[in-house]
Structure formats: structure tokens, C-alpha cells
file data.tsv (TSV, C-alpha atoms)
chain	number	residue	atom	x	y	z
A	1	MET	CA	-5.94	30.74	-23.17
A	2	THR	CA	-3.72	28.55	-21.00
A	3	THR	CA	-3.20	24.99	-22.23
A	4	THR	CA	-2.41	22.28	-19.68
A	5	LEU	CA	-1.49	18.61	-19.86
A	6	ILE	CA	-2.07	16.33	-16.88
A	7	THR	CA	-0.71	12.78	-17.04
A	8	GLY	CA	-2.59	9.91	-15.40
A	9	ALA	CA	-5.72	12.04	-15.26
A	10	ASN	CA	-8.62	9.69	-15.95
A	11	LYS	CA	-9.18	9.21	-12.19
A	12	GLY	CA	-8.07	10.29	-8.73
A	13	LEU	CA	-6.00	13.41	-8.16
A	14	GLY	CA	-5.35	13.87	-11.87
A	15	PHE	CA	-9.06	13.87	-12.68
A	16	GLU	CA	-9.88	16.32	-9.89
A	17	THR	CA	-7.03	18.58	-10.95
A	18	ALA	CA	-8.32	18.51	-14.52
A	19	ARG	CA	-11.83	19.37	-13.31
A	20	ARG	CA	-10.57	22.35	-11.35
A	21	LEU	CA	-8.35	23.67	-14.12
A	22	VAL	CA	-11.11	23.37	-16.72
A	23	ALA	CA	-13.28	25.39	-14.35
A	24	ALA	CA	-10.46	27.95	-14.10
A	25	GLY	CA	-10.55	28.41	-17.88
A	26	HIS	CA	-7.68	26.19	-18.95
A	27	THR	CA	-7.77	24.07	-22.07
A	28	VAL	CA	-6.88	20.73	-20.48
A	29	TYR	CA	-5.41	17.66	-22.12
A	30	LEU	CA	-6.48	14.74	-19.97
A	31	GLY	CA	-3.68	12.21	-20.29
A	32	SER	CA	-4.46	8.52	-19.93
A	33	ARG	CA	-2.87	5.22	-20.96
A	34	ASP	CA	-6.27	3.72	-21.76
A	35	PRO	CA	-7.92	5.48	-24.72
A	36	GLU	CA	-11.49	4.62	-23.76
A	37	ARG	CA	-11.16	5.54	-20.08
A	38	GLY	CA	-9.46	8.75	-21.07
A	39	ARG	CA	-12.15	9.61	-23.59
A	40	ARG	CA	-14.95	9.04	-21.07
A	41	ALA	CA	-13.21	11.05	-18.38
A	42	ALA	CA	-12.48	13.94	-20.75
A	43	GLU	CA	-16.10	14.03	-21.92
A	44	ARG	CA	-17.28	14.37	-18.33
A	45	LEU	CA	-15.10	17.42	-17.80
A	46	GLY	CA	-15.03	19.16	-21.15
A	47	ALA	CA	-11.33	18.32	-21.50
A	48	ARG	CA	-9.39	16.93	-24.46
A	49	PRO	CA	-8.42	13.25	-24.23
A	50	LEU	CA	-4.78	12.45	-24.92
A	51	VAL	CA	-3.38	8.93	-25.01
A	52	ILE	CA	-0.04	8.94	-23.21
A	53	ASP	CA	1.82	6.14	-21.47
A	54	VAL	CA	4.64	7.77	-19.51
A	55	THR	CA	6.67	4.53	-19.62
A	56	ASP	CA	6.70	4.37	-23.42
A	57	ASP	CA	8.92	6.60	-25.57
A	58	ALA	CA	6.79	6.27	-28.70
A	59	SER	CA	3.57	7.06	-26.83
A	60	VAL	CA	5.04	10.18	-25.25
A	61	ALA	CA	6.54	11.36	-28.55
A	62	ALA	CA	3.21	10.91	-30.33
A	63	ALA	CA	1.40	12.83	-27.59
A	64	ALA	CA	3.87	15.70	-27.87
A	65	LYS	CA	3.34	15.87	-31.63
A	66	THR	CA	-0.42	16.00	-31.13
A	67	VAL	CA	-0.24	18.84	-28.62
A	68	GLU	CA	2.22	20.76	-30.80
A	69	ALA	CA	-0.01	20.42	-33.86
A	70	GLU	CA	-2.98	21.70	-31.88
A	71	GLY	CA	-1.26	24.83	-30.62
A	72	GLY	CA	1.32	24.15	-27.88
A	73	LEU	CA	1.53	23.85	-24.11
A	74	ASP	CA	1.81	26.19	-21.11
A	75	VAL	CA	1.45	23.93	-18.07
A	76	LEU	CA	2.61	20.35	-17.54
A	77	VAL	CA	1.42	18.39	-14.51
A	78	ASN	CA	3.41	15.18	-14.08
A	79	ASN	CA	0.79	13.33	-12.08
A	80	ALA	CA	1.05	9.71	-13.24
A	81	GLY	CA	2.50	7.49	-10.52
A	82	ILE	CA	2.32	4.12	-8.77
A	83	GLU	CA	3.08	2.93	-5.24
A	84	GLY	CA	3.41	-0.79	-5.86
A	85	ARG	CA	1.69	-2.39	-2.87
A	86	GLY	CA	1.71	-6.13	-2.25
A	87	GLU	CA	-1.03	-8.65	-1.53
A	88	GLY	CA	-3.79	-7.44	0.75
A	89	ASN	CA	-2.84	-3.82	-0.03
A	90	THR	CA	0.26	-4.14	2.17
A	91	VAL	CA	3.24	-1.83	1.85
A	92	ILE	CA	6.31	-3.81	0.74
A	93	GLY	CA	9.14	-3.33	3.24
A	94	PRO	CA	12.92	-3.27	2.63
A	95	ALA	CA	13.39	-6.98	3.33
A	96	GLU	CA	11.03	-7.93	0.50
A	97	VAL	CA	11.85	-5.28	-2.07
A	98	THR	CA	13.77	-6.46	-5.13
A	99	ALA	CA	15.62	-4.51	-7.78
A	100	GLY	CA	12.85	-5.44	-10.22
A	101	MET	CA	10.21	-3.87	-7.98
A	102	MET	CA	12.29	-0.72	-7.67
A	103	ARG	CA	12.77	-0.60	-11.42
A	104	GLU	CA	9.03	-0.78	-12.06
A	105	LEU	CA	8.28	2.13	-9.76
A	106	PHE	CA	11.14	4.23	-11.07
A	107	GLU	CA	10.04	3.59	-14.66
A	108	THR	CA	6.77	5.39	-13.98
A	109	ASN	CA	7.53	7.75	-11.10
A	110	VAL	CA	11.00	8.96	-12.09
A	111	PHE	CA	11.86	8.04	-15.66
A	112	GLY	CA	8.29	8.87	-16.68
A	113	VAL	CA	8.69	12.42	-15.37
A	114	VAL	CA	11.93	12.84	-17.31
A	115	ARG	CA	10.51	11.23	-20.44
A	116	VAL	CA	7.45	13.49	-20.52
A	117	THR	CA	9.24	16.66	-19.46
A	118	HIS	CA	11.96	16.14	-22.07
A	119	ALA	CA	9.40	15.60	-24.83
A	120	PHE	CA	7.36	18.69	-23.94
A	121	LEU	CA	10.22	21.07	-23.08
A	122	PRO	CA	10.34	22.60	-26.58
A	123	LEU	CA	6.65	23.47	-26.32
A	124	LEU	CA	6.95	24.84	-22.80
A	125	GLN	CA	9.87	27.02	-23.82
A	126	ARG	CA	7.66	28.70	-26.43
A	127	SER	CA	5.07	29.61	-23.80
A	128	ALA	CA	4.95	33.10	-22.27
A	129	ALA	CA	4.40	31.64	-18.78
A	130	PRO	CA	5.44	27.97	-18.65
A	131	VAL	CA	4.85	25.89	-15.52
A	132	VAL	CA	5.75	22.33	-14.52
A	133	VAL	CA	4.20	20.66	-11.47
A	134	ASN	CA	5.70	17.34	-10.36
A	135	LEU	CA	3.72	15.09	-8.03
A	136	SER	CA	5.94	14.16	-5.13
A	137	SER	CA	5.10	12.94	-1.62
A	138	GLY	CA	5.77	13.87	1.98
A	139	LEU	CA	7.44	10.45	2.13
A	140	ALA	CA	10.21	11.93	-0.01
A	141	SER	CA	11.17	14.36	2.75
A	142	LEU	CA	14.38	13.01	4.28
A	143	GLU	CA	13.86	15.28	7.28
A	144	ARG	CA	10.38	14.00	7.99
A	145	ILE	CA	10.96	10.32	7.32
A	146	SER	CA	14.01	10.25	9.60
A	147	ASP	CA	12.24	12.06	12.45
A	148	PRO	CA	10.55	9.70	14.97
A	149	ALA	CA	8.22	12.58	15.92
A	150	SER	CA	6.77	12.66	12.40
A	151	PRO	CA	4.01	10.25	11.25
A	152	THR	CA	5.96	9.92	8.01
A	153	HIS	CA	8.74	8.16	9.94
A	154	PHE	CA	6.62	5.02	10.33
A	155	TYR	CA	6.02	4.34	6.64
A	156	PRO	CA	7.89	1.05	6.06
A	157	GLY	CA	8.21	1.07	2.29
A	158	LEU	CA	11.46	1.55	0.39
A	159	ALA	CA	10.70	1.92	-3.32
A	160	TYR	CA	7.99	4.61	-3.31
A	161	PRO	CA	9.76	7.15	-1.03
A	162	ALA	CA	13.00	6.62	-2.96
A	163	SER	CA	11.25	7.27	-6.27
A	164	LYS	CA	9.65	10.46	-4.99
A	165	ALA	CA	12.96	11.66	-3.55
A	166	GLY	CA	14.22	11.24	-7.10
A	167	VAL	CA	11.36	13.41	-8.35
A	168	ASN	CA	12.40	16.13	-5.91
A	169	MET	CA	15.97	16.15	-7.21
A	170	ILE	CA	14.75	16.20	-10.80
A	171	THR	CA	12.54	19.18	-9.93
A	172	VAL	CA	15.41	21.20	-8.48
A	173	GLN	CA	17.73	20.45	-11.39
A	174	TYR	CA	15.13	21.33	-14.04
A	175	ALA	CA	14.33	24.56	-12.20
A	176	LYS	CA	18.02	25.53	-12.19
A	177	ALA	CA	18.50	24.61	-15.84
A	178	PHE	CA	15.40	26.45	-17.07
A	179	PRO	CA	14.92	29.64	-15.02
A	180	GLY	CA	12.19	30.81	-17.37
A	181	ILE	CA	9.98	27.86	-16.38
A	182	ARG	CA	8.34	27.62	-12.94
A	183	VAL	CA	9.16	24.03	-11.87
A	184	ASN	CA	7.95	22.78	-8.49
A	185	ALA	CA	7.24	19.54	-6.63
A	186	VAL	CA	4.07	19.16	-4.60
A	187	GLU	CA	2.92	16.95	-1.73
A	188	PRO	CA	-0.86	16.43	-2.02
A	189	GLY	CA	-1.09	14.63	1.33
A	190	TYR	CA	-2.39	11.18	2.19
A	191	THR	CA	-5.30	11.14	-0.24
A	192	ALA	CA	-7.74	8.28	-0.77
A	193	THR	CA	-7.04	7.06	-4.32
A	194	ASP	CA	-6.47	3.78	-6.12
A	195	LEU	CA	-2.73	4.32	-5.67
A	196	ASN	CA	-2.98	3.44	-1.96
A	197	GLY	CA	-6.05	1.23	-2.11
A	198	ASN	CA	-8.20	4.20	-1.02
A	199	THR	CA	-6.69	4.09	2.46
A	200	GLY	CA	-5.87	7.81	2.48
A	201	THR	CA	-7.40	10.18	5.01
A	202	GLN	CA	-8.00	13.08	2.60
A	203	THR	CA	-10.46	13.53	-0.24
A	204	VAL	CA	-9.25	14.13	-3.78
A	205	GLU	CA	-10.65	17.65	-3.49
A	206	GLU	CA	-8.32	18.30	-0.55
A	207	GLY	CA	-5.37	16.57	-2.18
A	208	ALA	CA	-5.70	18.45	-5.46
A	209	GLU	CA	-5.60	21.85	-3.74
A	210	ILE	CA	-1.83	22.30	-3.87
A	211	ILE	CA	-1.55	20.81	-7.37
A	212	VAL	CA	-4.04	23.31	-8.74
A	213	ARG	CA	-2.51	26.19	-6.80
A	214	MET	CA	0.94	25.53	-8.25
A	215	ALA	CA	-0.44	24.96	-11.75
A	216	LEU	CA	-1.94	28.46	-11.63
A	217	ILE	CA	1.19	30.38	-10.58
A	218	GLY	CA	2.48	33.16	-12.79
A	219	PRO	CA	5.99	34.07	-14.02
A	220	ASP	CA	6.76	35.66	-10.63
A	221	GLY	CA	5.84	32.50	-8.72
A	222	PRO	CA	8.28	30.21	-6.90
A	223	THR	CA	10.45	27.68	-8.67
A	224	GLY	CA	12.61	24.79	-7.51
A	225	GLY	CA	10.51	24.29	-4.40
A	226	PHE	CA	8.59	21.54	-2.59
A	227	PHE	CA	5.15	22.51	-1.31
A	228	ASP	CA	2.04	21.17	0.36
A	229	ALA	CA	-1.20	23.02	1.07
A	230	ALA	CA	0.31	24.62	4.18
A	231	GLY	CA	3.47	25.88	2.50
A	232	PRO	CA	7.06	24.71	1.90
A	233	VAL	CA	7.93	21.10	2.81
A	234	PRO	CA	11.42	20.32	4.18
A	235	TRP	CA	13.64	18.36	1.85
call {"tool": "encode", "arguments": {"input": "data.tsv", "output": "C-alpha cells"}}
result
Amino acid sequence: MTTTLITGANKGLGFETARRLVAAGHTVYLGSRDPERGRRAAERLGARPLVIDVTDDASVAAAAKTVEAEGGLDVLVNNAGIEGRGEGNTVIGPAEVTAGMMRELFETNVFGVVRVTHAFLPLLQRSAAPVVVNLSSGLASLERISDPASPTHFYPGLAYPASKAGVNMITVQYAKAFPGIRVNAVEPGYTATDLNGNTGTQTVEEGAEIIVRMALIGPDGPTGGFFDAAGPVPW
């Protein structure tokens, strides 16, 4: 039986990914900061609720102890993330972004990935087929965002793309350091979720496709890559 943890999974892409992996036969820990929301979401899916706040060392350490005591972990999906939009659901541009805003996003989107991955590495290393899936974004692609022919080019925000570019680098470095673990970053696409005020053009079912696909890879699968549903994404 494959055991999977998904952070930020009480709604949106995390919830849909949990639903699909439960259906695929995984034992899924549905990670959520809010105990009650997490419990309700897990009950709906037949998953196990796990309280985990990726910005809090003690919360992550306690979650790791719980999972270890209950048998270990095979797959980690670092899904929790924020975009940090302003009033009226507007994207905050470079002229308005402050160091404090950047810090808040990085605390969840970058430091949270490191915090959780570090805590669960000992468990993953005991697995016969460990996998890590990091939620990135097409906005992290330097090639796409600098190309005027790409729709990505016109996204005005600073903090979110920078944080996801950080996730991509973290992914590559973890993959190099731990060749026995399949570590990849994924771009779900512009999906309608609370993260973007439900302005996305894809459904969560469509967005979760690549997350689920990469969570299900075996020991011979790719590692250190960046993928969307169509294939590799340029860095």
C-alpha cells in the first residue's frame, strides 16, 4: 500500500489530487492547517486528516511524528501555496511589492517546501519507491515569462513567480542530492481555485492531472524535471 501526504489539501487542487489518489488505492494523509476543515474534507474522501501548517516548525515536526508512528510515507505532494493578491483580487505589481510581501509568500511557497521535505526525508528514504511532487507554476519559467509571444509574459506580479522559480531550483537540487527519490516540479495550469480568486480557466480536475500523474510514477520515472500535462516545461 502506497502512503501519500498532500499539504494544503482541504480544498482546490490538493483536495482533487487527494480524491484521485484515494481512488488509485493510496492511503492519503490530507494535510490542512485548520483541523475541522481538514477533518471534514478527509471524511468526504476516505482519507486521513493531518494537521500541518507548512509555515510552522512545530506543526510540521508533529505531523512527521504522526505519520512515522502510523507506518511511514512513500509520496509527498508539496501543494500548499499562496499567491498574495491585493484588493479587488488584483495582482500586485513590482512597484507595489514590499520585502514583507515577498517574505510572506516565500514563507509558504519556498520555505514551507523545504520545511516539510526536510522533516519527511527520513521517512521517504525508508520507502521502496519514494516520490516528491512540488507544485510550481508556468510563471516560474524564465523562458516563457521573458518571451513576448507567450501569455505568461503578461503576468505583472513579482513575488509569486519568484517564489515558484525558487521551488524549481529546490526541486533540482533535491533530485541531485537524493537520486533514489523521484523529485519533480509540476505546472498544473491556470486553474480556478481560491488562490487566484477562481479566475483560472481550467477546472481542478484538469489542473490535478499532472500532479496525480507525477505522484504515481515508479522508480524508473523522471526526476529533477518540470512538467505540465503536455510534457516538459522550459526552465
call {"tool": "closest_residue", "arguments": {"input": "data.tsv", "among": "A:Val91, A:Ile170, A:Arg85, A:Val97", "to": "His118 (chain A)", "atoms": "all atoms listed in the file"}}
result
A:Ile170
call {"tool": "residues_around", "arguments": {"input": "data.tsv", "residues": "region 44-58 of chain A", "least_positions_apart": "6", "cutoff": "6 Å", "atoms": "all atoms listed in the file", "output": "PyMOL selection string"}}
result
chain A and resi 19+28-33+35+38+108+112
call {"tool": "write_last_selection", "arguments": {"input": "data.tsv", "atoms": "C-alpha atoms", "output": "mmCIF file, keeping the file's coordinate frame"}}
result
data_model
loop_
_atom_site.group_PDB
_atom_site.id
_atom_site.type_symbol
_atom_site.label_atom_id
_atom_site.label_comp_id
_atom_site.auth_asym_id
_atom_site.auth_seq_id
_atom_site.Cartn_x
_atom_site.Cartn_y
_atom_site.Cartn_z
ATOM 1 C CA ARG A 19 -11.830 19.370 -13.310
ATOM 2 C CA VAL A 28 -6.880 20.730 -20.480
ATOM 3 C CA TYR A 29 -5.410 17.660 -22.120
ATOM 4 C CA LEU A 30 -6.480 14.740 -19.970
ATOM 5 C CA GLY A 31 -3.680 12.210 -20.290
ATOM 6 C CA SER A 32 -4.460 8.520 -19.930
ATOM 7 C CA ARG A 33 -2.870 5.220 -20.960
ATOM 8 C CA PRO A 35 -7.920 5.480 -24.720
ATOM 9 C CA GLY A 38 -9.460 8.750 -21.070
ATOM 10 C CA THR A 108 6.770 5.390 -13.980
ATOM 11 C CA GLY A 112 8.290 8.870 -16.680
#
call {"tool": "residues_around", "arguments": {"input": "data.tsv", "residues": "Ala159 (chain A)", "least_positions_apart": "5", "cutoff": "9 Å", "atoms": "all atoms listed in the file", "output": "PyMOL selection string"}}
result
chain A and resi 83-84+92-94+97+101-103+105-106+164
call {"tool": "closest_residue", "arguments": {"input": "data.tsv", "among": "A:Phe15, A:Phe154, A:Phe111, A:Phe120", "to": "Ala61 (chain A)", "atoms": "all atoms listed in the file"}}
result
A:Phe120
call {"tool": "atom_distance", "arguments": {"input": "data.tsv", "atom1": "CA of Val113 (chain A)", "atom2": "CA of Ser150 (chain A)"}}
result
27.8 Å
call {"tool": "closest_residue", "arguments": {"input": "data.tsv", "among": "A:Val60, A:Val110, A:Ala175, A:Ala95", "to": "Leu5 (chain A)", "atoms": "all atoms listed in the file"}}
result
A:Val60
call {"tool": "atom_distance", "arguments": {"input": "data.tsv", "atom1": "CA of Phe226 (chain A)", "atom2": "CA of Val186 (chain A)"}}
result
5.5 Å
